[in-house]
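Structure below is input-v9.txt: compact mmCIF, N, CA and C atoms.
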# COMPACT_ATOMS: atom_id res chain seq x y z
N MET D 1 149.04 138.90 151.58
CA MET D 1 150.43 138.51 151.56
C MET D 1 150.56 137.19 152.33
N ARG D 2 151.38 136.31 151.79
CA ARG D 2 151.62 135.00 152.41
C ARG D 2 153.06 134.99 152.94
N ILE D 3 153.21 134.76 154.24
CA ILE D 3 154.52 134.79 154.88
C ILE D 3 154.85 133.43 155.45
N LEU D 4 156.04 132.94 155.13
CA LEU D 4 156.56 131.70 155.70
C LEU D 4 157.44 132.05 156.87
N VAL D 5 157.08 131.56 158.04
CA VAL D 5 157.89 131.77 159.25
C VAL D 5 158.63 130.47 159.54
N ILE D 6 159.95 130.54 159.45
CA ILE D 6 160.79 129.37 159.74
C ILE D 6 161.15 129.43 161.22
N GLY D 7 160.61 128.51 161.99
CA GLY D 7 160.88 128.46 163.42
C GLY D 7 159.62 128.73 164.23
N ALA D 8 159.27 127.79 165.09
CA ALA D 8 158.11 127.94 165.96
C ALA D 8 158.53 127.87 167.42
N GLY D 9 159.78 128.25 167.68
CA GLY D 9 160.28 128.32 169.06
C GLY D 9 159.89 129.65 169.67
N ARG D 10 160.65 130.09 170.66
CA ARG D 10 160.32 131.34 171.36
C ARG D 10 160.35 132.55 170.42
N THR D 11 161.40 132.66 169.61
CA THR D 11 161.49 133.80 168.68
C THR D 11 160.37 133.73 167.65
N GLY D 12 160.18 132.55 167.06
CA GLY D 12 159.11 132.38 166.09
C GLY D 12 157.74 132.67 166.67
N ALA D 13 157.53 132.28 167.92
CA ALA D 13 156.25 132.52 168.59
C ALA D 13 155.98 134.02 168.69
N LYS D 14 157.00 134.80 169.00
CA LYS D 14 156.83 136.25 169.10
C LYS D 14 156.52 136.85 167.74
N VAL D 15 157.18 136.37 166.71
CA VAL D 15 156.92 136.83 165.35
C VAL D 15 155.49 136.48 164.94
N LEU D 16 155.09 135.25 165.19
CA LEU D 16 153.75 134.78 164.83
C LEU D 16 152.67 135.59 165.55
N LYS D 17 152.90 135.86 166.80
CA LYS D 17 151.93 136.63 167.59
C LYS D 17 151.71 138.01 166.97
N GLN D 18 152.78 138.63 166.51
CA GLN D 18 152.67 139.95 165.88
C GLN D 18 151.99 139.87 164.52
N LEU D 19 152.35 138.88 163.71
CA LEU D 19 151.76 138.74 162.38
C LEU D 19 150.27 138.45 162.45
N LYS D 20 149.85 137.73 163.47
CA LYS D 20 148.43 137.38 163.60
C LYS D 20 147.55 138.59 163.90
N LYS D 21 148.16 139.72 164.22
CA LYS D 21 147.39 140.94 164.45
C LYS D 21 146.75 141.46 163.17
N ASN D 22 147.32 141.04 162.04
CA ASN D 22 146.79 141.47 160.74
C ASN D 22 146.14 140.26 160.06
N PRO D 23 144.81 140.19 160.07
CA PRO D 23 144.14 139.02 159.52
C PRO D 23 144.30 138.85 158.00
N SER D 24 144.78 139.87 157.31
CA SER D 24 144.97 139.73 155.86
C SER D 24 146.28 139.02 155.52
N ILE D 25 147.13 138.80 156.53
CA ILE D 25 148.38 138.06 156.29
C ILE D 25 148.10 136.57 156.46
N GLU D 26 148.46 135.82 155.44
CA GLU D 26 148.36 134.36 155.51
C GLU D 26 149.71 133.84 155.99
N ILE D 27 149.68 133.09 157.09
CA ILE D 27 150.91 132.61 157.72
C ILE D 27 151.07 131.12 157.50
N VAL D 28 152.27 130.74 157.07
CA VAL D 28 152.66 129.33 156.93
C VAL D 28 153.87 129.15 157.83
N THR D 29 153.91 128.05 158.58
CA THR D 29 155.04 127.82 159.48
C THR D 29 155.82 126.57 159.07
N ALA D 30 157.12 126.62 159.35
CA ALA D 30 157.98 125.47 159.09
C ALA D 30 158.96 125.33 160.24
N ASP D 31 159.11 124.12 160.74
CA ASP D 31 160.04 123.84 161.83
C ASP D 31 160.20 122.34 161.92
N PRO D 32 161.43 121.82 161.81
CA PRO D 32 161.63 120.37 161.81
C PRO D 32 161.62 119.74 163.20
N ARG D 33 161.64 120.54 164.24
CA ARG D 33 161.73 119.99 165.60
C ARG D 33 160.45 119.28 166.01
N GLN D 34 160.55 118.45 167.03
CA GLN D 34 159.40 117.70 167.55
C GLN D 34 158.49 118.56 168.41
N GLU D 35 159.08 119.47 169.20
CA GLU D 35 158.31 120.31 170.11
C GLU D 35 158.37 121.76 169.64
N HIS D 36 157.23 122.43 169.72
CA HIS D 36 157.14 123.79 169.22
C HIS D 36 156.51 124.70 170.28
N TYR D 37 157.27 125.65 170.72
CA TYR D 37 156.82 126.58 171.75
C TYR D 37 155.53 127.29 171.32
N ALA D 38 155.45 127.71 170.07
CA ALA D 38 154.28 128.43 169.58
C ALA D 38 153.02 127.57 169.64
N VAL D 39 153.16 126.27 169.46
CA VAL D 39 152.02 125.35 169.57
C VAL D 39 151.67 125.16 171.04
N GLU D 40 152.69 124.93 171.86
CA GLU D 40 152.47 124.73 173.30
C GLU D 40 151.73 125.91 173.93
N LYS D 41 152.05 127.11 173.48
CA LYS D 41 151.44 128.32 174.04
C LYS D 41 150.12 128.69 173.36
N GLY D 42 149.69 127.91 172.37
CA GLY D 42 148.42 128.15 171.72
C GLY D 42 148.42 129.28 170.71
N ILE D 43 149.60 129.72 170.29
CA ILE D 43 149.69 130.79 169.29
C ILE D 43 149.30 130.27 167.92
N ILE D 44 149.70 129.04 167.62
CA ILE D 44 149.28 128.35 166.40
C ILE D 44 148.82 126.95 166.79
N ASP D 45 148.00 126.34 165.94
CA ASP D 45 147.50 125.00 166.22
C ASP D 45 148.52 123.92 165.90
N LYS D 46 149.28 124.16 164.81
CA LYS D 46 150.25 123.16 164.36
C LYS D 46 151.28 123.83 163.46
N VAL D 47 152.37 123.13 163.23
CA VAL D 47 153.38 123.57 162.26
C VAL D 47 153.00 122.96 160.92
N ASP D 48 152.99 123.78 159.89
CA ASP D 48 152.53 123.33 158.57
C ASP D 48 153.54 122.44 157.85
N ILE D 49 154.82 122.78 157.94
CA ILE D 49 155.87 122.06 157.21
C ILE D 49 156.92 121.60 158.21
N ARG D 50 157.22 120.31 158.22
CA ARG D 50 158.17 119.75 159.19
C ARG D 50 159.54 119.47 158.57
N GLU D 51 159.79 119.96 157.38
CA GLU D 51 161.05 119.75 156.65
C GLU D 51 162.14 120.66 157.20
N ALA D 52 163.34 120.12 157.36
CA ALA D 52 164.49 120.94 157.75
C ALA D 52 164.85 121.85 156.58
N LEU D 53 165.18 123.09 156.87
CA LEU D 53 165.50 124.04 155.80
C LEU D 53 167.01 124.04 155.56
N THR D 54 167.39 123.54 154.40
CA THR D 54 168.79 123.50 153.97
C THR D 54 168.82 123.96 152.51
N PRO D 55 170.01 124.24 151.98
CA PRO D 55 170.07 124.59 150.56
C PRO D 55 169.47 123.51 149.65
N LEU D 56 169.52 122.25 150.08
CA LEU D 56 168.97 121.16 149.26
C LEU D 56 167.45 121.07 149.34
N THR D 57 166.87 121.49 150.46
CA THR D 57 165.41 121.39 150.63
C THR D 57 164.68 122.71 150.43
N LEU D 58 165.42 123.79 150.23
CA LEU D 58 164.81 125.11 150.13
C LEU D 58 163.73 125.16 149.06
N GLU D 59 164.01 124.67 147.87
CA GLU D 59 163.05 124.75 146.77
C GLU D 59 161.78 123.97 147.09
N VAL D 60 161.92 122.82 147.72
CA VAL D 60 160.75 122.00 148.09
C VAL D 60 159.89 122.75 149.12
N VAL D 61 160.54 123.34 150.12
CA VAL D 61 159.81 124.08 151.15
C VAL D 61 159.11 125.29 150.54
N LEU D 62 159.80 126.01 149.67
CA LEU D 62 159.19 127.17 149.02
C LEU D 62 158.02 126.76 148.12
N GLU D 63 158.15 125.63 147.47
CA GLU D 63 157.07 125.14 146.61
C GLU D 63 155.85 124.78 147.44
N GLN D 64 156.07 124.16 148.60
CA GLN D 64 154.96 123.80 149.49
C GLN D 64 154.29 125.04 150.07
N ALA D 65 155.11 125.99 150.50
CA ALA D 65 154.58 127.17 151.20
C ALA D 65 154.08 128.26 150.26
N ARG D 66 154.72 128.41 149.11
CA ARG D 66 154.41 129.47 148.14
C ARG D 66 154.33 130.85 148.80
N PRO D 67 155.40 131.24 149.52
CA PRO D 67 155.35 132.53 150.24
C PRO D 67 155.74 133.72 149.36
N ASP D 68 155.33 134.89 149.82
CA ASP D 68 155.79 136.15 149.25
C ASP D 68 157.01 136.66 150.00
N LEU D 69 157.18 136.16 151.22
CA LEU D 69 158.26 136.59 152.11
C LEU D 69 158.57 135.45 153.07
N VAL D 70 159.86 135.28 153.39
CA VAL D 70 160.29 134.28 154.37
C VAL D 70 160.95 135.00 155.54
N LEU D 71 160.51 134.65 156.75
CA LEU D 71 161.14 135.17 157.96
C LEU D 71 161.84 134.01 158.67
N LEU D 72 163.17 134.11 158.78
CA LEU D 72 163.95 133.10 159.50
C LEU D 72 163.94 133.47 160.97
N ALA D 73 163.18 132.73 161.75
CA ALA D 73 163.03 133.04 163.18
C ALA D 73 163.47 131.86 164.03
N MET D 74 164.58 131.25 163.64
CA MET D 74 165.08 130.08 164.34
C MET D 74 166.50 130.35 164.83
N ALA D 75 166.70 130.17 166.12
CA ALA D 75 168.02 130.37 166.71
C ALA D 75 168.98 129.29 166.22
N THR D 76 170.27 129.60 166.24
CA THR D 76 171.29 128.66 165.78
C THR D 76 171.18 127.33 166.49
N GLU D 77 170.99 127.35 167.80
CA GLU D 77 170.93 126.10 168.56
C GLU D 77 169.70 125.26 168.20
N ASP D 78 168.73 125.86 167.56
CA ASP D 78 167.52 125.14 167.15
C ASP D 78 167.60 124.59 165.73
N MET D 79 168.68 124.85 165.04
CA MET D 79 168.81 124.43 163.65
C MET D 79 169.26 122.97 163.50
N GLY D 80 169.57 122.30 164.62
CA GLY D 80 169.97 120.90 164.56
C GLY D 80 171.37 120.69 164.04
N LEU D 81 172.24 121.68 164.25
CA LEU D 81 173.61 121.59 163.76
C LEU D 81 174.60 121.12 164.82
N GLY D 82 174.12 120.90 166.03
CA GLY D 82 175.00 120.48 167.12
C GLY D 82 175.56 121.66 167.88
N LYS D 83 176.55 121.37 168.75
CA LYS D 83 177.10 122.42 169.60
C LYS D 83 178.62 122.51 169.50
N SER D 84 179.17 122.07 168.40
CA SER D 84 180.62 122.10 168.22
C SER D 84 181.14 123.54 168.16
N PRO D 85 182.41 123.72 168.53
CA PRO D 85 182.99 125.07 168.40
C PRO D 85 182.91 125.53 166.95
N GLY D 86 182.56 126.77 166.75
CA GLY D 86 182.49 127.33 165.41
C GLY D 86 181.16 127.10 164.71
N ILE D 87 180.20 126.48 165.40
CA ILE D 87 178.92 126.18 164.76
C ILE D 87 178.17 127.44 164.38
N GLU D 88 178.41 128.53 165.10
CA GLU D 88 177.77 129.82 164.77
C GLU D 88 178.16 130.27 163.36
N ILE D 89 179.42 130.04 163.02
CA ILE D 89 179.91 130.43 161.68
C ILE D 89 179.21 129.61 160.61
N LEU D 90 179.07 128.31 160.85
CA LEU D 90 178.37 127.44 159.90
C LEU D 90 176.91 127.86 159.76
N ALA D 91 176.26 128.15 160.88
CA ALA D 91 174.85 128.55 160.85
C ALA D 91 174.67 129.86 160.08
N GLU D 92 175.57 130.80 160.30
CA GLU D 92 175.49 132.08 159.60
C GLU D 92 175.67 131.88 158.10
N ALA D 93 176.61 131.03 157.73
CA ALA D 93 176.84 130.74 156.30
C ALA D 93 175.61 130.07 155.69
N LEU D 94 174.99 129.17 156.43
CA LEU D 94 173.78 128.50 155.94
C LEU D 94 172.66 129.51 155.71
N LYS D 95 172.47 130.42 156.66
CA LYS D 95 171.42 131.44 156.52
C LYS D 95 171.69 132.34 155.32
N GLU D 96 172.95 132.72 155.12
CA GLU D 96 173.30 133.56 153.97
C GLU D 96 173.06 132.83 152.66
N GLU D 97 173.40 131.55 152.63
CA GLU D 97 173.19 130.76 151.40
C GLU D 97 171.70 130.62 151.10
N LEU D 98 170.90 130.39 152.13
CA LEU D 98 169.46 130.29 151.94
C LEU D 98 168.90 131.59 151.38
N SER D 99 169.37 132.71 151.91
CA SER D 99 168.92 134.01 151.43
C SER D 99 169.30 134.23 149.97
N ALA D 100 170.50 133.82 149.61
CA ALA D 100 170.98 133.99 148.24
C ALA D 100 170.23 133.09 147.25
N LEU D 101 169.90 131.88 147.66
CA LEU D 101 169.25 130.92 146.77
C LEU D 101 167.75 131.15 146.61
N SER D 102 167.14 131.78 147.58
CA SER D 102 165.69 131.94 147.57
C SER D 102 165.23 132.88 146.48
N ARG D 103 164.10 132.56 145.86
CA ARG D 103 163.53 133.42 144.83
C ARG D 103 162.61 134.48 145.43
N VAL D 104 162.37 134.40 146.74
CA VAL D 104 161.57 135.40 147.44
C VAL D 104 162.43 136.02 148.55
N PRO D 105 162.09 137.22 149.03
CA PRO D 105 162.90 137.85 150.07
C PRO D 105 162.95 137.00 151.34
N VAL D 106 164.14 136.93 151.92
CA VAL D 106 164.36 136.22 153.18
C VAL D 106 164.95 137.20 154.18
N ILE D 107 164.30 137.32 155.33
CA ILE D 107 164.76 138.21 156.38
C ILE D 107 164.99 137.41 157.64
N GLU D 108 166.18 137.55 158.21
CA GLU D 108 166.47 136.87 159.47
C GLU D 108 165.97 137.73 160.61
N VAL D 109 165.25 137.10 161.53
CA VAL D 109 164.74 137.78 162.71
C VAL D 109 165.63 137.40 163.89
N ALA D 110 166.26 138.39 164.49
CA ALA D 110 167.13 138.14 165.64
C ALA D 110 166.28 137.83 166.86
N ARG D 111 166.91 137.20 167.82
CA ARG D 111 166.20 136.96 169.09
C ARG D 111 165.74 138.27 169.67
N MET D 112 164.52 138.27 170.13
CA MET D 112 163.96 139.50 170.68
C MET D 112 163.65 139.32 172.16
N ARG D 113 163.77 140.40 172.89
CA ARG D 113 163.41 140.38 174.32
C ARG D 113 162.29 141.37 174.51
N TRP D 114 161.04 140.87 174.37
CA TRP D 114 159.88 141.74 174.52
C TRP D 114 159.24 141.45 175.84
Before anything else, please render the file you have as structure tokens.
Amino acid sequence: MRILVIGAGRTGAKVLKQLKKNPSIEIVTADPRQEHYAVEKGIIDKVDIREALTPLTLEVVLEQARPDLVLLAMATEDMGLGKSPGIEILAEALKEELSALSRVPVIEVARMRW
């Protein structure tokens, strides 16, 4: 199974660490940010796709990654949408639209405290 993990920050790092326990899972990562917690901590060597995930770029990212499953592991503040009031509503709508447009299952991973 090939899984695309969107987000290499703290939440994404926890997801990646768990997925790496199963060597039969092929992991592809995507994160448009410059700094990646998962790379800094040595969980992954690099982020595979640096494209921002939006409804306009979704098809390109899916074509590059060719996943069987997408895990959205990026916090709202990491999506590059700013900090304006109501940004949470915009971020939630964006995540729902991405899920609806995707041809493969998309699961949002909430922040975890492990």
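In this model, the gap between atom CA of D:Pro105 and atom CA of D:Pro23 comes to 21.0 Å.
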Residues near D:Ala30, cut-off 8 Å, only C-alpha atoms, skip fewer than 4 positions along chain, as a PyMOL selection string:
chain D and resi 4-8+47-51
Put those residues in a file: N, CA and C atoms, as a PDB file, in the coordinates of the input.
ATOM      1  N   LEU D   4     156.040 132.940 155.130  1.00  0.00           N
ATOM      2  CA  LEU D   4     156.560 131.700 155.700  1.00  0.00           C
ATOM      3  C   LEU D   4     157.440 132.050 156.870  1.00  0.00           C
ATOM      4  N   VAL D   5     157.080 131.560 158.040  1.00  0.00           N
ATOM      5  CA  VAL D   5     157.890 131.770 159.250  1.00  0.00           C
ATOM      6  C   VAL D   5     158.630 130.470 159.540  1.00  0.00           C
ATOM      7  N   ILE D   6     159.950 130.540 159.450  1.00  0.00           N
ATOM      8  CA  ILE D   6     160.790 129.370 159.740  1.00  0.00           C
ATOM      9  C   ILE D   6     161.150 129.430 161.220  1.00  0.00           C
ATOM     10  N   GLY D   7     160.610 128.510 161.990  1.00  0.00           N
ATOM     11  CA  GLY D   7     160.880 128.460 163.420  1.00  0.00           C
ATOM     12  C   GLY D   7     159.620 128.730 164.230  1.00  0.00           C
ATOM     13  N   ALA D   8     159.270 127.790 165.090  1.00  0.00           N
ATOM     14  CA  ALA D   8     158.110 127.940 165.960  1.00  0.00           C
ATOM     15  C   ALA D   8     158.530 127.870 167.420  1.00  0.00           C
ATOM     16  N   VAL D  47     152.370 123.130 163.230  1.00  0.00           N
ATOM     17  CA  VAL D  47     153.380 123.570 162.260  1.00  0.00           C
ATOM     18  C   VAL D  47     153.000 122.960 160.920  1.00  0.00           C
ATOM     19  N   ASP D  48     152.990 123.780 159.890  1.00  0.00           N
ATOM     20  CA  ASP D  48     152.530 123.330 158.570  1.00  0.00           C
ATOM     21  C   ASP D  48     153.540 122.440 157.850  1.00  0.00           C
ATOM     22  N   ILE D  49     154.820 122.780 157.940  1.00  0.00           N
ATOM     23  CA  ILE D  49     155.870 122.060 157.210  1.00  0.00           C
ATOM     24  C   ILE D  49     156.920 121.600 158.210  1.00  0.00           C
ATOM     25  N   ARG D  50     157.220 120.310 158.220  1.00  0.00           N
ATOM     26  CA  ARG D  50     158.170 119.750 159.190  1.00  0.00           C
ATOM     27  C   ARG D  50     159.540 119.470 158.570  1.00  0.00           C
ATOM     28  N   GLU D  51     159.790 119.960 157.380  1.00  0.00           N
ATOM     29  CA  GLU D  51     161.050 119.750 156.650  1.00  0.00           C
ATOM     30  C   GLU D  51     162.140 120.660 157.200  1.00  0.00           C
TER      31      GLU D  51
END
As an MDAnalysis selection string, please: every residue in chain D that a backbone DSSP assignment puts in alpha helix (DSSP H).
chainID D and resid 10:19 37:40 58:65 87:101
Export of prior selection with N, CA and C atoms as a compact mmCIF listing (two decimals), in the coordinates of the input:
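Result went into selection_23.txt, see below:
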# COMPACT_ATOMS: atom_id res chain seq x y z
N ARG D 10 160.65 130.09 170.66
CA ARG D 10 160.32 131.34 171.36
C ARG D 10 160.35 132.55 170.42
N THR D 11 161.40 132.66 169.61
CA THR D 11 161.49 133.80 168.68
C THR D 11 160.37 133.73 167.65
N GLY D 12 160.18 132.55 167.06
CA GLY D 12 159.11 132.38 166.09
C GLY D 12 157.74 132.67 166.67
N ALA D 13 157.53 132.28 167.92
CA ALA D 13 156.25 132.52 168.59
C ALA D 13 155.98 134.02 168.69
N LYS D 14 157.00 134.80 169.00
CA LYS D 14 156.83 136.25 169.10
C LYS D 14 156.52 136.85 167.74
N VAL D 15 157.18 136.37 166.71
CA VAL D 15 156.92 136.83 165.35
C VAL D 15 155.49 136.48 164.94
N LEU D 16 155.09 135.25 165.19
CA LEU D 16 153.75 134.78 164.83
C LEU D 16 152.67 135.59 165.55
N LYS D 17 152.90 135.86 166.80
CA LYS D 17 151.93 136.63 167.59
C LYS D 17 151.71 138.01 166.97
N GLN D 18 152.78 138.63 166.51
CA GLN D 18 152.67 139.95 165.88
C GLN D 18 151.99 139.87 164.52
N LEU D 19 152.35 138.88 163.71
CA LEU D 19 151.76 138.74 162.38
C LEU D 19 150.27 138.45 162.45
N TYR D 37 157.27 125.65 170.72
CA TYR D 37 156.82 126.58 171.75
C TYR D 37 155.53 127.29 171.32
N ALA D 38 155.45 127.71 170.07
CA ALA D 38 154.28 128.43 169.58
C ALA D 38 153.02 127.57 169.64
N VAL D 39 153.16 126.27 169.46
CA VAL D 39 152.02 125.35 169.57
C VAL D 39 151.67 125.16 171.04
N GLU D 40 152.69 124.93 171.86
CA GLU D 40 152.47 124.73 173.30
C GLU D 40 151.73 125.91 173.93
N LEU D 58 165.42 123.79 150.23
CA LEU D 58 164.81 125.11 150.13
C LEU D 58 163.73 125.16 149.06
N GLU D 59 164.01 124.67 147.87
CA GLU D 59 163.05 124.75 146.77
C GLU D 59 161.78 123.97 147.09
N VAL D 60 161.92 122.82 147.72
CA VAL D 60 160.75 122.00 148.09
C VAL D 60 159.89 122.75 149.12
N VAL D 61 160.54 123.34 150.12
CA VAL D 61 159.81 124.08 151.15
C VAL D 61 159.11 125.29 150.54
N LEU D 62 159.80 126.01 149.67
CA LEU D 62 159.19 127.17 149.02
C LEU D 62 158.02 126.76 148.12
N GLU D 63 158.15 125.63 147.47
CA GLU D 63 157.07 125.14 146.61
C GLU D 63 155.85 124.78 147.44
N GLN D 64 156.07 124.16 148.60
CA GLN D 64 154.96 123.80 149.49
C GLN D 64 154.29 125.04 150.07
N ALA D 65 155.11 125.99 150.50
CA ALA D 65 154.58 127.17 151.20
C ALA D 65 154.08 128.26 150.26
N ILE D 87 180.20 126.48 165.40
CA ILE D 87 178.92 126.18 164.76
C ILE D 87 178.17 127.44 164.38
N GLU D 88 178.41 128.53 165.10
CA GLU D 88 177.77 129.82 164.77
C GLU D 88 178.16 130.27 163.36
N ILE D 89 179.42 130.04 163.02
CA ILE D 89 179.91 130.43 161.68
C ILE D 89 179.21 129.61 160.61
N LEU D 90 179.07 128.31 160.85
CA LEU D 90 178.37 127.44 159.90
C LEU D 90 176.91 127.86 159.76
N ALA D 91 176.26 128.15 160.88
CA ALA D 91 174.85 128.55 160.85
C ALA D 91 174.67 129.86 160.08
N GLU D 92 175.57 130.80 160.30
CA GLU D 92 175.49 132.08 159.60
C GLU D 92 175.67 131.88 158.10
N ALA D 93 176.61 131.03 157.73
CA ALA D 93 176.84 130.74 156.30
C ALA D 93 175.61 130.07 155.69
N LEU D 94 174.99 129.17 156.43
CA LEU D 94 173.78 128.50 155.94
C LEU D 94 172.66 129.51 155.71
N LYS D 95 172.47 130.42 156.66
CA LYS D 95 171.42 131.44 156.52
C LYS D 95 171.69 132.34 155.32
N GLU D 96 172.95 132.72 155.12
CA GLU D 96 173.30 133.56 153.97
C GLU D 96 173.06 132.83 152.66
N GLU D 97 173.40 131.55 152.63
CA GLU D 97 173.19 130.76 151.40
C GLU D 97 171.70 130.62 151.10
N LEU D 98 170.90 130.39 152.13
CA LEU D 98 169.46 130.29 151.94
C LEU D 98 168.90 131.59 151.38
N SER D 99 169.37 132.71 151.91
CA SER D 99 168.92 134.01 151.43
C SER D 99 169.30 134.23 149.97
N ALA D 100 170.50 133.82 149.61
CA ALA D 100 170.98 133.99 148.24
C ALA D 100 170.23 133.09 147.25
N LEU D 101 169.90 131.88 147.66
CA LEU D 101 169.25 130.92 146.77
C LEU D 101 167.75 131.15 146.61
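For chain D, the set of residues given strand (DSSP E) by DSSP on the backbone reads Arg2, Ile3, Leu4, Val5, Ile6, Glu26, Ile27, Val28, Thr29, Ala30, Leu69, Val70, Leu71, Leu72, Val106, Ile107 and Glu108 of chain D.
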In Å to one decimal, how far is atom N of D:Val61 from atom CA of D:Glu92?
19.7 Å
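Here the question is which of D:Lys95, D:Arg103, D:Arg66, D:Lys41 gets nearest to D:Ile3 using only N, CA and C atoms, and that residue is D:Arg66.
Relative to atom CA of D:Asp68, atom CA of D:Ile25 is found at 10.4 Å.
Using only C-alpha atoms for every distance, the candidate list D:Ser24, D:Thr11, D:Thr54, D:Gln34 yields D:Thr11 as the residue closest to D:Leu71.
Restricting the calculation to only N, CA and C atoms, the smallest distance between D:Lys46 and any of D:Lys20, D:Glu63, D:Arg2, D:Thr29 is found for D:Thr29.
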Which one of D:Gln18, D:Asp31, D:Pro67, D:Ala100 sits closest to D:Leu53 if you count all atoms listed in the file?
D:Asp31
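Among the candidates D:Leu72, D:Leu16, D:Ile44, D:Leu58, the residue lying nearest to D:Ser102 is D:Leu58 (atoms considered: all atoms listed in the file).
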From D:Leu98, D:Ala52, D:Ala73, D:Val28, residue lying nearest D:Met1 [only C-alpha atoms]:
D:Val28
